[in-house]
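Source file input-v4.tsv; content: TSV, C-alpha atoms.
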```
chain	number	residue	atom	x	y	z
A	19	MET	CA	106.99	44.66	74.83
A	20	LYS	CA	104.77	42.91	77.35
A	21	ARG	CA	106.15	45.11	80.12
A	22	LEU	CA	105.42	48.21	78.04
A	23	LEU	CA	101.82	47.12	77.53
A	24	ILE	CA	101.39	46.59	81.28
A	25	ILE	CA	102.82	50.05	82.08
A	26	THR	CA	100.62	51.64	79.41
A	27	SER	CA	97.52	49.89	80.77
A	28	LEU	CA	98.32	51.04	84.31
A	29	PHE	CA	98.83	54.60	83.10
A	30	PHE	CA	95.45	54.73	81.37
A	31	ALA	CA	93.76	53.10	84.37
A	32	MET	CA	95.24	55.71	86.71
A	33	THR	CA	94.38	58.55	84.33
A	34	SER	CA	90.80	57.30	84.08
A	35	PHE	CA	90.55	57.15	87.87
A	36	ILE	CA	91.79	60.73	88.23
A	37	GLN	CA	89.39	62.03	85.58
A	38	ASP	CA	86.42	60.24	87.11
A	39	LYS	CA	87.04	61.49	90.64
A	40	PRO	CA	84.03	63.64	91.54
A	41	LYS	CA	84.48	67.30	92.35
A	42	LYS	CA	83.73	67.98	96.00
A	43	ILE	CA	81.48	70.95	96.75
A	44	VAL	CA	81.19	72.21	100.34
A	45	PHE	CA	78.23	74.41	101.26
A	46	PHE	CA	79.44	76.55	104.18
A	47	GLY	CA	76.98	78.51	106.29
A	48	ASP	CA	74.43	78.76	109.08
A	49	SER	CA	71.08	77.10	109.88
A	50	ILE	CA	69.80	77.66	106.34
A	51	THR	CA	72.63	75.47	105.08
A	52	GLN	CA	72.30	73.07	108.02
A	53	ALA	CA	68.72	72.46	106.85
A	54	GLY	CA	69.91	72.25	103.25
A	55	VAL	CA	70.76	68.56	103.60
A	56	GLN	CA	67.21	67.62	104.62
A	57	PRO	CA	65.03	65.75	102.08
A	58	LYS	CA	63.75	68.97	100.48
A	59	GLY	CA	66.69	71.19	101.44
A	60	TYR	CA	68.54	73.21	98.84
A	61	ILE	CA	71.64	70.99	98.88
A	62	THR	CA	69.50	67.88	98.39
A	63	GLN	CA	67.61	69.57	95.55
A	64	PHE	CA	70.91	70.73	94.05
A	65	GLY	CA	71.96	67.08	93.93
A	66	GLN	CA	68.68	66.05	92.36
A	67	MET	CA	69.11	68.68	89.65
A	68	LEU	CA	72.60	67.33	88.92
A	69	GLU	CA	71.12	63.84	88.67
A	70	GLN	CA	68.49	65.04	86.19
A	71	LYS	CA	71.31	66.35	84.02
A	72	GLY	CA	73.18	63.04	84.26
A	73	LEU	CA	75.91	64.64	86.38
A	74	LYS	CA	75.28	63.01	89.76
A	75	ASP	CA	78.55	61.04	89.69
A	76	LYS	CA	80.59	64.11	88.76
A	77	TYR	CA	80.06	65.89	92.08
A	78	GLU	CA	80.13	65.12	95.79
A	79	LEU	CA	78.05	67.50	97.91
A	80	VAL	CA	78.91	68.26	101.53
A	81	GLY	CA	76.81	70.37	103.89
A	82	ALA	CA	78.75	72.36	106.50
A	83	GLY	CA	76.07	74.52	108.11
A	84	ILE	CA	75.62	75.22	111.83
A	85	GLY	CA	72.65	77.11	113.23
A	86	GLY	CA	73.31	80.58	114.58
A	87	ASN	CA	76.68	80.96	112.85
A	88	LYS	CA	78.03	84.34	111.87
A	89	ILE	CA	81.01	85.19	109.70
A	90	TYR	CA	83.56	84.83	112.53
A	91	ASP	CA	82.14	81.41	113.44
A	92	LEU	CA	82.80	80.31	109.87
A	93	TYR	CA	86.32	81.67	110.06
A	94	LEU	CA	87.03	79.82	113.31
A	95	ARG	CA	85.84	76.44	112.01
A	96	LEU	CA	87.15	76.81	108.47
A	97	GLU	CA	90.06	74.41	108.93
A	98	ASP	CA	88.06	71.58	110.51
A	99	ASP	CA	84.83	71.85	108.55
A	100	VAL	CA	86.05	72.89	105.10
A	101	LEU	CA	89.78	72.80	104.39
A	102	SER	CA	90.28	69.37	105.95
A	103	LYS	CA	87.75	67.97	103.49
A	104	LYS	CA	89.89	69.05	100.52
A	105	PRO	CA	87.03	70.55	98.48
A	106	ASP	CA	87.26	71.75	94.91
A	107	ILE	CA	84.48	74.31	95.30
A	108	VAL	CA	83.05	76.16	98.31
A	109	PHE	CA	79.80	78.12	98.50
A	110	VAL	CA	79.85	80.62	101.39
A	111	TYR	CA	76.29	81.50	102.40
A	112	VAL	CA	76.32	83.66	105.54
A	113	GLY	CA	75.23	87.06	106.83
A	114	VAL	CA	71.68	86.66	108.11
A	115	ASN	CA	72.70	86.12	111.74
A	116	ASP	CA	75.29	88.90	111.58
A	117	VAL	CA	72.40	91.26	110.84
A	118	TRP	CA	69.45	89.54	112.53
A	119	HIS	CA	71.12	89.07	115.91
A	120	LYS	CA	71.77	92.81	116.18
A	121	ALA	CA	68.06	93.29	116.82
A	122	THR	CA	67.18	90.01	118.55
A	123	SER	CA	70.06	89.73	121.01
A	124	GLY	CA	72.55	92.51	120.41
A	125	THR	CA	75.16	89.99	119.30
A	126	GLY	CA	75.36	90.74	115.60
A	127	THR	CA	78.49	91.71	113.70
A	128	ASP	CA	79.38	95.31	112.93
A	129	ALA	CA	79.78	95.98	109.22
A	130	ASP	CA	83.51	96.74	109.37
A	131	LYS	CA	84.25	93.56	111.32
A	132	PHE	CA	82.01	91.57	108.99
A	133	GLU	CA	84.05	92.72	106.01
A	134	LYS	CA	87.40	92.01	107.68
A	135	PHE	CA	86.46	88.50	108.80
A	136	TYR	CA	84.96	87.75	105.39
A	137	GLN	CA	88.14	88.89	103.61
A	138	ALA	CA	90.24	86.78	105.97
A	139	LEU	CA	88.02	83.79	105.17
A	140	ILE	CA	88.45	84.42	101.45
A	141	ASN	CA	92.22	84.67	101.81
A	142	LYS	CA	92.49	81.30	103.55
A	143	ILE	CA	90.27	79.51	101.07
A	144	LYS	CA	91.99	81.01	98.02
A	145	ALA	CA	95.39	80.07	99.46
A	146	ASN	CA	94.30	76.44	99.14
A	147	ASN	CA	93.48	76.82	95.42
A	148	ILE	CA	89.76	76.25	96.01
A	149	THR	CA	87.11	77.76	93.75
A	150	LEU	CA	85.03	80.10	95.89
A	151	ILE	CA	81.47	81.30	95.31
A	152	LEU	CA	80.00	84.00	97.56
A	153	CYS	CA	76.28	84.24	98.33
A	154	THR	CA	74.44	87.29	99.63
A	155	PRO	CA	71.98	86.69	102.52
A	156	ALA	CA	68.51	86.36	101.06
A	157	ALA	CA	65.93	87.70	103.49
A	158	ILE	CA	64.88	88.75	106.96
A	159	GLY	CA	61.26	89.33	106.04
A	160	GLU	CA	59.67	89.12	102.60
A	161	LYS	CA	57.73	92.38	102.35
A	162	ASN	CA	58.45	93.92	98.97
A	163	ASP	CA	58.10	97.61	99.90
A	164	ALA	CA	61.39	97.92	101.86
A	165	SER	CA	59.49	97.91	105.17
A	166	ASN	CA	61.11	94.85	106.75
A	167	GLN	CA	62.86	95.99	109.92
A	168	GLN	CA	66.35	95.03	108.81
A	169	ASP	CA	66.20	95.66	105.08
A	170	GLY	CA	68.70	98.50	105.36
A	171	ASP	CA	71.33	96.46	107.16
A	172	LEU	CA	70.75	93.40	104.99
A	173	ASN	CA	71.22	95.51	101.87
A	174	GLN	CA	74.40	97.02	103.33
A	175	TYR	CA	75.93	93.63	104.16
A	176	SER	CA	74.91	92.25	100.78
A	177	LYS	CA	76.69	95.19	99.15
A	178	ILE	CA	79.82	94.34	101.18
A	179	ILE	CA	79.70	90.77	99.83
A	180	ARG	CA	79.19	91.99	96.26
A	181	ASN	CA	82.19	94.27	96.62
A	182	LEU	CA	84.31	91.45	98.07
A	183	ALA	CA	83.36	89.20	95.16
A	184	SER	CA	84.35	91.92	92.68
A	185	LYS	CA	87.56	92.84	94.54
A	186	ASN	CA	88.70	89.21	94.75
A	187	ASN	CA	87.48	88.23	91.27
A	188	LEU	CA	85.06	85.64	92.65
A	189	ALA	CA	81.74	84.30	91.42
A	190	LEU	CA	78.65	85.71	93.13
A	191	CYS	CA	75.25	84.15	93.78
A	192	ASP	CA	73.22	87.27	94.58
A	193	LEU	CA	70.36	85.68	96.50
A	194	ARG	CA	69.40	89.00	98.10
A	195	LYS	CA	68.59	90.52	94.71
A	196	GLU	CA	66.97	87.33	93.43
A	197	PHE	CA	64.66	87.11	96.47
A	198	GLN	CA	63.74	90.79	96.26
A	199	ASP	CA	62.90	90.50	92.57
A	200	TYR	CA	60.87	87.34	93.16
A	201	ASN	CA	58.85	88.91	95.98
A	202	VAL	CA	58.03	91.98	93.93
A	203	LYS	CA	56.47	89.69	91.32
A	204	ASN	CA	54.98	87.02	93.57
A	205	ASN	CA	53.99	88.72	96.83
A	206	PRO	CA	51.09	91.05	95.87
A	207	GLU	CA	49.72	91.04	99.43
A	208	ASN	CA	53.10	92.17	100.80
A	209	LYS	CA	53.31	89.28	103.27
A	210	GLU	CA	56.30	89.12	105.58
A	211	LYS	CA	56.70	85.34	105.17
A	212	GLY	CA	55.32	82.33	103.35
A	213	ILE	CA	56.55	83.13	99.84
A	214	LEU	CA	60.06	81.63	99.86
A	215	THR	CA	60.49	81.37	103.64
A	216	THR	CA	58.65	79.74	106.53
A	217	ASP	CA	59.47	82.36	109.17
A	218	ARG	CA	60.93	85.36	107.29
A	219	VAL	CA	64.40	83.76	107.23
A	220	HIS	CA	64.46	79.98	106.80
A	221	LEU	CA	63.55	78.50	103.44
A	222	ASN	CA	60.34	76.67	102.64
A	223	ASP	CA	60.32	73.95	99.96
A	224	LEU	CA	59.96	76.46	97.13
A	225	GLY	CA	62.68	78.64	98.65
A	226	ASN	CA	65.06	75.71	98.80
A	227	GLN	CA	64.32	74.90	95.17
A	228	PHE	CA	64.81	78.55	94.24
A	229	VAL	CA	68.22	78.72	95.92
A	230	ALA	CA	69.36	75.48	94.27
A	231	GLU	CA	68.26	76.80	90.87
A	232	LYS	CA	70.27	79.99	91.36
A	233	MET	CA	73.39	78.16	92.52
A	234	LEU	CA	73.46	75.44	89.86
A	235	PRO	CA	74.41	77.63	86.83
A	236	LEU	CA	77.53	78.75	88.69
A	237	ILE	CA	78.73	75.13	88.58
A	238	ILE	CA	77.22	73.97	85.29
A	239	LYS	CA	78.22	76.55	82.70
```

Please express the file's structure as structure tokens.
Amino acid sequence: MKRLLIITSLFFAMTSFIQDKPKKIVFFGDSITQAGVQPKGYITQFGQMLEQKGLKDKYELVGAGIGGNKIYDLYLRLEDDVLSKKPDIVFVYVGVNDVWHKATSGTGTDADKFEKFYQALINKIKANNITLILCTPAAIGEKNDASNQQDGDLNQYSKIIRNLASKNNLALCDLRKEFQDYNVKNNPENKEKGILTTDRVHLNDLGNQFVAEKMLPLIIK
């Protein structure tokens, strides 16, 4: 009888430990995500929002952003920077450099290659039974009249990501649409920056908060 009680106690202790283990979320991306772990970055604010809801201990947040990264960079470092960490959930937030670098340095990513690398990335992550959430690239310029130089390309690549999310039955955080809608309402002077970004691309404090607010409901149903 005593032995049975000991075994039962150990079982419940182990079960409790397993249930209490926090879910690990990896945020995978470029310089926007690299900055996301700073004091007012979107990953930090995401954590603060979890804390406000009493859920801080339920999740472990990991930033895996590197400045200048494009989709093939993410693919090449997927094993070391994501899969080796054994995450439960991964946000993929990439695409700005694939578009932006076409104009700035001629080293962007053609649309067909972008789609193929992205699908390959999805395949590897899904093969590890990880929940995957795709994010569209938010902005390269905040003018609300479609006059930003790379609006066309950014819309095209965002459409590719939307289609990949639908095709693979994945959750989507459509930051491109959310930013466009926000700028229509909150950028009456049609400024190219300073609304949600500091420099047309990277997030200011409000932009980081905005991104965290859009991501959170995809985790907290």

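When only C-alpha atoms are used to compute distances to His119 of chain A, the closest of the residues A:Gly212, A:Pro105, A:Ile148, A:Asn87 turns out to be A:Asn87.
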
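Closest to Leu234 of chain A among A:Ile89, A:Lys104, A:Val117, A:Phe109 is A:Phe109, based on all atoms listed in the file.
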
Write out as a Markdown table a residue-level contact list of segment 98-165 of chain A versus segment 171-179 of chain A with cut-off 8 Å: for each qualifying residue the closest pair of atoms and the distance in Å to one decimal, counting all atoms listed in the file, rows sorted by chain and residue number upward.
```
| residue | atom | partner | partner_atom | distance |
| --- | --- | --- | --- | --- |
| A:Gly113 | CA | A:Tyr175 | CA | 7.1 |
| A:Val114 | CA | A:Leu172 | CA | 7.5 |
| A:Val117 | CA | A:Leu172 | CA | 6.4 |
| A:Ala129 | CA | A:Tyr175 | CA | 6.8 |
| A:Glu133 | CA | A:Ile178 | CA | 6.6 |
| A:Leu152 | CA | A:Ile179 | CA | 7.1 |
| A:Cys153 | CA | A:Ile179 | CA | 7.5 |
| A:Thr154 | CA | A:Ser176 | CA | 5.1 |
| A:Pro155 | CA | A:Ser176 | CA | 6.5 |
| A:Ala157 | CA | A:Leu172 | CA | 7.6 |
| A:Ile158 | CA | A:Leu172 | CA | 7.7 |
```

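Distance check against Lys103 of chain A using all atoms listed in the file: of A:Pro235, A:Gly59, A:Gly81, A:Gly47, the minimum falls on A:Gly81.
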
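The shortest atom-to-atom distance to Ile43 of chain A, with all atoms listed in the file taken into account, belongs to A:Lys76 out of A:Arg180, A:Lys76, A:Lys58, A:Lys120.
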